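Reading through the structure tokens given below for one structure.
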4 protein chains.
Amino acid sequence: MALVEALVLERQHVLSLRPIELPMEVGPADVKIAVHTVGICGSDVHYYTHGRIGPFVVEAPMVLGHEASGTIVEVGAEVSRLKVGDRVCMEPGIPDPTSKASRLGMYNVDPDVRFWATPPVHGCLTPHVVHPADYTYRLPDNVSFAEGAMVEPFAVGMQAATKARITPGDVAVVLGAGPIGVMVALAALGGGCSSVIVADLVDEKLAIAAQYPGISTVNITKDSLEDAVAVVTHGWGVDVVFECSGAAKAFESVMTLPRPGGCVVIVGLPVEPVPFDVSLASVKELRFETVFRYAHQYERAIALFASDKVDLKPLVSESFAFKDSIAAFDRAVEARPTDVKLQIVME
Amino acid sequence: MALVEALVLERQHVLSLRPIELPMEVGPADVKIAVHTVGICGSDVHYYTHGRIGPFVVEAPMVLGHEASGTIVEVGAEVSRLKVGDRVCMEPGIPDPTSKASRLGMYNVDPDVRFWATPPVHGCLTPHVVHPADYTYRLPDNVSFAEGAMVEPFAVGMQAATKARITPGDVAVVLGAGPIGVMVALAALGGGCSSVIVADLVDEKLAIAAQYPGISTVNITKDSLEDAVAVVTHGWGVDVVFECSGAAKAFESVMTLPRPGGCVVIVGLPVEPVPFDVSLASVKELRFETVFRYAHQYERAIALFASDKVDLKPLVSESFAFKDSIAAFDRAVEARPTDVKLQIVME
Amino acid sequence: MALVEALVLERQHVLSLRPIELPMEVGPADVKIAVHTVGICGSDVHYYTHGRIGPFVVEAPMVLGHEASGTIVEVGAEVSRLKVGDRVCMEPGIPDPTSKASRLGMYNVDPDVRFWATPPVHGCLTPHVVHPADYTYRLPDNVSFAEGAMVEPFAVGMQAATKARITPGDVAVVLGAGPIGVMVALAALGGGCSSVIVADLVDEKLAIAAQYPGISTVNITKDSLEDAVAVVTHGWGVDVVFECSGAAKAFESVMTLPRPGGCVVIVGLPVEPVPFDVSLASVKELRFETVFRYAHQYERAIALFASDKVDLKPLVSESFAFKDSIAAFDRAVEARPTDVKLQIVME
Amino acid sequence: MALVEALVLERQHVLSLRPIELPMEVGPADVKIAVHTVGICGSDVHYYTHGRIGPFVVEAPMVLGHEASGTIVEVGAEVSRLKVGDRVCMEPGIPDPTSKASRLGMYNVDPDVRFWATPPVHGCLTPHVVHPADYTYRLPDNVSFAEGAMVEPFAVGMQAATKARITPGDVAVVLGAGPIGVMVALAALGGGCSSVIVADLVDEKLAIAAQYPGISTVNITKDSLEDAVAVVTHGWGVDVVFECSGAAKAFESVMTLPRPGGCVVIVGLPVEPVPFDVSLASVKELRFETVFRYAHQYERAIALFASDKVDLKPLVSESFAFKDSIAAFDRAVEARPTDVKLQIVME
């Protein structure tokens, strides 16, 4: 253990930038990383404002942050795949490789995953972290630290695109133009869709999505999404609907927008059970997929960044210095409609 | 057209056995069949008792019946695959082969399907029917007419088993031990599951399912289905849950019973939207499939009967002569708990 | 029938531009199209130079051409989806919609497909053609006639990409940089791959592929493809190998390049059986897919063109007037290394 | 280490039943098992007769045997899933759970797997073995030790059936009626096929397969397999061909027997590359799958035995006492046509 500076959530509503004891021993399969950039996620903000997410309650001071990139400064004795000086990003959830879910290749649904900044596990908003080499991924030269810190949220989009089992040229709708909605839309395009219609209530959010080729937008307070889908698909319906709004009302649209035999990937998490019309789903034989974080997506996401098929740089709305972390979180709480991703740069 | 005897639903609550004008011209791609056995389906009974199913309203006298087998008595000029004397069963839904859904191989979701005994299309409770040869299937010698008339409801089970994408040796739960639940359980076993747990509230229904090897049963008014699943799967959860009860409350069980990464096939059709807990589904990354009738299942079902992998003969609860058709329907309305399938034999 | 001008292959080695009797009756489900652009395919050239392709022998004068776009000038009585003036492209193979393969959604493997410019069926190098509306597809305003005539060869690439079942972010190798190899590489990128390595023996061909983002190239007479794959995939191997060279020797590389559990899509057609090393394939549990033309790919291909995800315009090497068709074919016979696609423009 | 009695392959052609030093320490995640039954596999025999299999050479004395069942006599400190007295069977290949292949759920293609009786790893023909609990599986009361020792070879059949992606009711051909061919046929039936045609040259082998319902047989020295397939499938072709003969000539049949869009699973391992006719494969768009041992199949296999869907008891041709192990191997070398599985019982 070592006493190191970190952004600590003391309890609901109270953040400190202060020293805290963190483990800094580098095990044989670990690497030590000088953290460079950390993105602020909605879940970090939620712990700040609510002190809990569902069953996960902040009962002791906890370091926040789980979307991170940096540079390796030390490697464990058995690590051969990485070396000091490598620019990397880190996957925040570490499963037990011998669990049944892990052995089946679905480590994301291993109930014993330890995940940064999920109580009681500390996050990475601190200058150095020790991490298993197996969950640390080298960044190609043409992928920046800012992009490296975006791999984590983009991996959620990749998981959704993977679950959709996209057939090349599919047309998709994304419901919700928040950060995850945009990530999902870009993962769907990078993952084989020919075009994506993004729907939301807020023009500023839609404008950010609309800057990407392949994305068209519909403000559903003004225009009919059904009509837009009918035009694009000649009345047939879209191949995939990605539900990213978390709104109960969206579960009406997920029944009407897909084509017969189409797919709905549910990404948003409504707090309460939503009404689900089995008859509407059945008459089209719709398939519904759900996602929980991601598995095996980091290298795939990095490859898409490296080949310029996916460019997330326009989504970094503002960067803050580490010393201004609390201000950064307060800005995240009062997010502007144009804010997609706020990041903290450590040095 | 010809004036022929038939079981006619005149309007809600009123059945007649009387002559009616039906088309009897045999087109070049058609066959004419002397009907032998017709099963009574819940939908036939529902038209009788309610005069409608959802948007399908009985507005004119309609011949009932769509689960049929018989013997070919005439073949059209272009028919080479079948000949007079062939024992056959008939698929009651005829799609437009040039529709987009049909061309994609999903003719069951073609909205223009014409389906026997679905208003305004007449059914087959009449001594002879004319049918497209492409939707008429020869019965092997060791498959009886009674079994032939069971292919239709069993095809629903096959569609459910197919949608589940069973991996050999999967363990499944079937919620609901009605006729469709039992068909689904047998299709799942024939289709690769190692064992199936069937759950219901009524002991008599469960007793019928329990006579089959590979099926165990749980009366959920007395025993815990969760416990039964935990024992069989060592706490991991089942690979597939087939929801065949149509009960809203079942949508709680479909979240708790599957293993991480498992599948739920929704077969039952609740009248109202059901509460759907996205969080519970997501934490296990469950997949949900829906079914609408069936496509390409007749030959597969017949092959399973022919090889004795699936034996539906114990499910025929009682047979009635055609002249007693109205009594048969009245018995179906007042079904006994042990009634699975009532059939009408034409001759 | 009507006497119309056309490019006629009289017999091996002999082309004429002359009038010929062709059917010009517009049936109720047909459209009549003023042909605008027709691409020259290797199979057209092969019939010219060899008089046959495998079992298909030119035994009577046959109009060549099957990669076509144009403008609708007449529609049949039952056609509602298209109208006069629509810019369209045409799928050259017309299956029997009631065949078993068609009903299963695989019309491309229907042995009764009638395919343009495959003996004894005439092709489309003539000013007007009559075609089933179901196999005629509208071009969006931003897709040119030249691109419209490229949908056909690109559909082969789409079929290969579809068969690969690409997971978003996959890395692929394409063996062979001929027209089909390039089409496959672009379909794989549009269909979800993060990057593609194209390998060939000829620098000029590789240079054309290399102009596309996401594609890197290896001249295997100079550099090691194994090394290139090892660098890109950190020694793991590629997810997919598309074999487009048709060379027997390539069947060694298809075993060594993929990752464990990877996939090989065989597109090229070697004339003789190739040596297949089962042990090498098995130790990695490789999957092998084959393709035959394409099914359901036209609308998907057009959608990728329309959204600018795939741009084939740089692949049109030269255009010829219809009156110069024979010169165009002679140029195709003596193709330059930089020739990808030669096209004939009718007006 | 401890000095224990074992069946030792000293070198090619030389077996001894003698004491040898084997590790007997029970680690925290291990169990110690009193071995009960060990099946003799073709690979054991091959090491005896040839001293090697491909790159695996017997360079030091090695204990044989890898198909085993037994009773737990000691459990490691961290083992909770198993207890002393449990009847179990053991998976002979132990992967590195942190390898890339293992993390993706494909531990069988992890090149670092340590596999019993594959040089230089000792096998299990010895009274006690220490094994990781994660690869030790409890046998239900109704599954005998003899059956438990058959899980290993049957798991190969399960892997093949899984790779086929059987749709319920599929019809399959198995080429080759050796032990693996029969296991594959039974796994295919248990895994969803309606019927299987097994083909071989030797009547005695076919007779063993033919005793199972759902299996029909063809002696291809006497009858036409093509004709048999045509009769069963009405000229369409089978859904799956399992190639288990390892004969080069079989690669002609794998092209002609499947239906359009069908699948070939290659299980047998020809020593030399086989001729592969791409054109024949492509015109039907066949898919080819290969298998390497198995992954995640033990629990599935045991479940099929427990529910009596698969009964391997008739395949045990003869049992030998441990003291007669060398005689058992000599009998295996001179196998009778009716020999399927020879087993050694330890006590």
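Note on naming: chains are A, B, ... as they come in the structure tokens, residues start from 1 per chain, ligands start from 1 in the order shown.
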
### Query
Within 8 Å of chain B, which residues of chain D show up when using only C-alpha atoms, listed as a ChimeraX atom specification?
/D:158,161-162,165,167-170,187,189-195,213-214,300-301,303-304,307-309

### Query
Leaving out region 92-104 of chain D and any residue of its chain fewer than 3 positions from it, which residues lie within 9 Å of it when counting only C-alpha atoms, given as a PyMOL selection string?
(chain A and resi 97-98+102-107+134+295-296) or (chain C and resi 236+260-261) or (chain D and resi 66-68+107-117+123-124+131-132+135+152)

### Query
Would you give me, as a PyMOL selection string, the residues in region 30-166 of chain C that DSSP reads as alpha helix (DSSP H)?
chain C and resi 42-50+100-103+145-148+151-163

Expected file contents, prior selection, C-alpha atoms, as a PDB file, in the first residue's frame:
ATOM      1  CA  GLY C  42     -14.685 -11.846 -66.321  1.00  0.00           C
ATOM      2  CA  SER C  43     -17.359 -14.417 -67.141  1.00  0.00           C
ATOM      3  CA  ASP C  44     -18.467 -12.415 -70.207  1.00  0.00           C
ATOM      4  CA  VAL C  45     -14.875 -12.328 -71.348  1.00  0.00           C
ATOM      5  CA  HIS C  46     -14.439 -16.032 -70.680  1.00  0.00           C
ATOM      6  CA  TYR C  47     -17.420 -16.960 -72.863  1.00  0.00           C
ATOM      7  CA  TYR C  48     -15.837 -14.784 -75.598  1.00  0.00           C
ATOM      8  CA  THR C  49     -12.405 -16.394 -75.319  1.00  0.00           C
ATOM      9  CA  HIS C  50     -13.378 -19.974 -74.445  1.00  0.00           C
ATOM     10  CA  LYS C 100     -37.386 -25.341 -52.206  1.00  0.00           C
ATOM     11  CA  ALA C 101     -34.189 -23.291 -52.087  1.00  0.00           C
ATOM     12  CA  SER C 102     -36.081 -20.046 -52.765  1.00  0.00           C
ATOM     13  CA  ARG C 103     -38.637 -20.768 -50.079  1.00  0.00           C
ATOM     14  CA  PHE C 145     -25.427   4.679 -63.152  1.00  0.00           C
ATOM     15  CA  ALA C 146     -21.768   3.655 -63.138  1.00  0.00           C
ATOM     16  CA  GLU C 147     -22.094   2.647 -59.508  1.00  0.00           C
ATOM     17  CA  GLY C 148     -25.448   1.026 -60.214  1.00  0.00           C
ATOM     18  CA  VAL C 151     -23.811  -3.480 -57.614  1.00  0.00           C
ATOM     19  CA  GLU C 152     -23.674  -6.885 -59.278  1.00  0.00           C
ATOM     20  CA  PRO C 153     -19.981  -7.647 -58.714  1.00  0.00           C
ATOM     21  CA  PHE C 154     -20.065  -5.929 -55.338  1.00  0.00           C
ATOM     22  CA  ALA C 155     -22.936  -8.226 -54.325  1.00  0.00           C
ATOM     23  CA  VAL C 156     -20.489 -11.110 -54.557  1.00  0.00           C
ATOM     24  CA  GLY C 157     -18.316  -9.292 -52.046  1.00  0.00           C
ATOM     25  CA  MET C 158     -21.340  -8.748 -49.844  1.00  0.00           C
ATOM     26  CA  GLN C 159     -22.233 -12.418 -49.983  1.00  0.00           C
ATOM     27  CA  ALA C 160     -18.696 -13.308 -48.906  1.00  0.00           C
ATOM     28  CA  ALA C 161     -18.761 -10.734 -46.092  1.00  0.00           C
ATOM     29  CA  THR C 162     -22.135 -12.036 -44.950  1.00  0.00           C
ATOM     30  CA  LYS C 163     -20.984 -15.645 -44.930  1.00  0.00           C
TER      31      LYS C 163
END

### Message
Would you pick out the contacts of region 339-343 of chain C at 10 Å or less, using only C-alpha atoms, so that residues sharing its chain but fewer than 4 positions from it are not included, and give the list as a PyMOL selection string?
### Response
chain C and resi 37-42+67-68+146+149-150+153+177-180+182-183+204-205+208+312-322+325+328-329+331-332+334-335

Identify, on the basis of only C-alpha atoms, every residue whose closest approach to region 23-29 of chain A does not exceed 9 Å; exclude the query and any residue fewer than 5 positions from it along the same chain; express the result as a compact mmCIF listing (two decimals) with all heavy atoms, in the first residue's frame.
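part-v9.txt was written with the following content:
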# COMPACT_ATOMS: atom_id res chain seq x y z
N MET A 1 0.85 -1.19 0.00
CA MET A 1 0.00 0.00 0.00
C MET A 1 0.88 1.24 0.00
O MET A 1 2.01 1.22 0.47
CB MET A 1 -0.89 0.01 1.24
CG MET A 1 -1.80 -1.24 1.37
SD MET A 1 -3.09 -1.35 0.11
CE MET A 1 -4.29 -0.17 0.76
N ALA A 2 0.33 2.30 -0.55
CA ALA A 2 1.07 3.56 -0.59
C ALA A 2 0.06 4.69 -0.45
O ALA A 2 -1.10 4.55 -0.82
CB ALA A 2 1.85 3.70 -1.88
N LEU A 3 0.54 5.79 0.09
CA LEU A 3 -0.33 6.95 0.26
C LEU A 3 -0.19 7.82 -0.98
O LEU A 3 0.88 8.36 -1.26
CB LEU A 3 0.09 7.72 1.52
CG LEU A 3 -0.93 8.73 2.05
CD1 LEU A 3 -2.18 8.04 2.56
CD2 LEU A 3 -0.30 9.57 3.16
N GLU A 74 6.08 0.23 -15.13
CA GLU A 74 6.69 -0.95 -14.51
C GLU A 74 5.91 -2.18 -14.95
O GLU A 74 4.68 -2.12 -15.09
CB GLU A 74 6.63 -0.81 -12.97
CG GLU A 74 7.41 -1.88 -12.23
CD GLU A 74 7.33 -1.68 -10.69
OE1 GLU A 74 7.01 -0.56 -10.24
OE2 GLU A 74 7.55 -2.66 -9.98
N VAL A 75 6.64 -3.29 -15.17
CA VAL A 75 5.93 -4.52 -15.55
C VAL A 75 6.33 -5.64 -14.61
O VAL A 75 7.47 -5.71 -14.14
CB VAL A 75 6.22 -4.94 -17.02
CG1 VAL A 75 5.82 -3.84 -18.00
CG2 VAL A 75 7.67 -5.33 -17.21
N GLY A 76 5.35 -6.54 -14.35
CA GLY A 76 5.60 -7.68 -13.48
C GLY A 76 6.52 -8.70 -14.14
O GLY A 76 6.73 -8.68 -15.36
N ALA A 77 7.01 -9.62 -13.33
CA ALA A 77 8.05 -10.54 -13.76
C ALA A 77 7.61 -11.45 -14.91
O ALA A 77 8.41 -11.84 -15.75
CB ALA A 77 8.49 -11.41 -12.58
N GLU A 78 6.31 -11.76 -14.95
CA GLU A 78 5.84 -12.71 -15.98
C GLU A 78 5.24 -12.04 -17.20
O GLU A 78 4.71 -12.71 -18.08
CB GLU A 78 4.78 -13.63 -15.36
CG GLU A 78 5.30 -14.50 -14.24
CD GLU A 78 4.17 -15.19 -13.50
OE1 GLU A 78 3.01 -15.01 -13.90
OE2 GLU A 78 4.46 -15.89 -12.51
N VAL A 79 5.30 -10.71 -17.24
CA VAL A 79 4.62 -10.00 -18.32
C VAL A 79 5.56 -9.87 -19.51
O VAL A 79 6.64 -9.29 -19.39
CB VAL A 79 4.17 -8.60 -17.85
CG1 VAL A 79 3.58 -7.81 -19.02
CG2 VAL A 79 3.16 -8.73 -16.71
N HIS A 128 -1.11 6.98 -10.41
CA HIS A 128 -0.63 5.67 -10.84
C HIS A 128 -1.60 4.58 -10.43
O HIS A 128 -2.20 4.67 -9.34
CB HIS A 128 0.75 5.36 -10.22
CG HIS A 128 1.83 6.25 -10.75
ND1 HIS A 128 2.11 7.49 -10.20
CD2 HIS A 128 2.69 6.09 -11.78
CE1 HIS A 128 3.10 8.06 -10.87
NE2 HIS A 128 3.47 7.24 -11.83
N VAL A 129 -1.73 3.58 -11.27
CA VAL A 129 -2.53 2.41 -10.91
C VAL A 129 -1.75 1.14 -11.26
O VAL A 129 -0.94 1.13 -12.18
CB VAL A 129 -3.89 2.36 -11.63
CG1 VAL A 129 -4.79 3.49 -11.17
CG2 VAL A 129 -3.71 2.38 -13.15
N VAL A 130 -2.02 0.09 -10.48
CA VAL A 130 -1.49 -1.24 -10.79
C VAL A 130 -2.65 -2.06 -11.34
O VAL A 130 -3.76 -2.04 -10.79
CB VAL A 130 -0.91 -1.89 -9.52
CG1 VAL A 130 -0.52 -3.34 -9.80
CG2 VAL A 130 0.29 -1.09 -9.03
N HIS A 131 -2.39 -2.77 -12.44
CA HIS A 131 -3.48 -3.43 -13.16
C HIS A 131 -2.97 -4.73 -13.78
O HIS A 131 -1.80 -4.83 -14.15
CB HIS A 131 -3.98 -2.48 -14.27
CG HIS A 131 -5.40 -2.73 -14.68
ND1 HIS A 131 -6.47 -2.54 -13.83
CD2 HIS A 131 -5.94 -3.14 -15.84
CE1 HIS A 131 -7.59 -2.84 -14.45
NE2 HIS A 131 -7.30 -3.20 -15.68
N PRO A 132 -3.84 -5.76 -13.91
CA PRO A 132 -3.40 -6.99 -14.58
C PRO A 132 -3.04 -6.72 -16.04
O PRO A 132 -3.79 -6.05 -16.76
CB PRO A 132 -4.63 -7.91 -14.50
CG PRO A 132 -5.50 -7.33 -13.43
CD PRO A 132 -5.23 -5.87 -13.43
N ALA A 133 -1.90 -7.23 -16.45
CA ALA A 133 -1.48 -7.03 -17.84
C ALA A 133 -2.51 -7.57 -18.83
O ALA A 133 -2.69 -7.02 -19.91
CB ALA A 133 -0.12 -7.71 -18.07
N ASP A 134 -3.21 -8.65 -18.45
CA ASP A 134 -4.19 -9.26 -19.37
C ASP A 134 -5.34 -8.32 -19.70
O ASP A 134 -6.06 -8.55 -20.68
CB ASP A 134 -4.76 -10.54 -18.75
CG ASP A 134 -3.86 -11.73 -18.97
OD1 ASP A 134 -2.89 -11.63 -19.73
OD2 ASP A 134 -4.15 -12.79 -18.37

### Query
as a ChimeraX atom specification, which residues of region 120-319 of chain A does DSSP assign to strand (DSSP E)?
/A:128-132,136-138,171-175,195-200,215-219,238-243,258-266,274-276,287-290,316-319

### Task
In Å, rounded to a single decimal, give me how far CA of Glu347 (chain C) is from CA of Glu5 (chain C).
12.6 Å
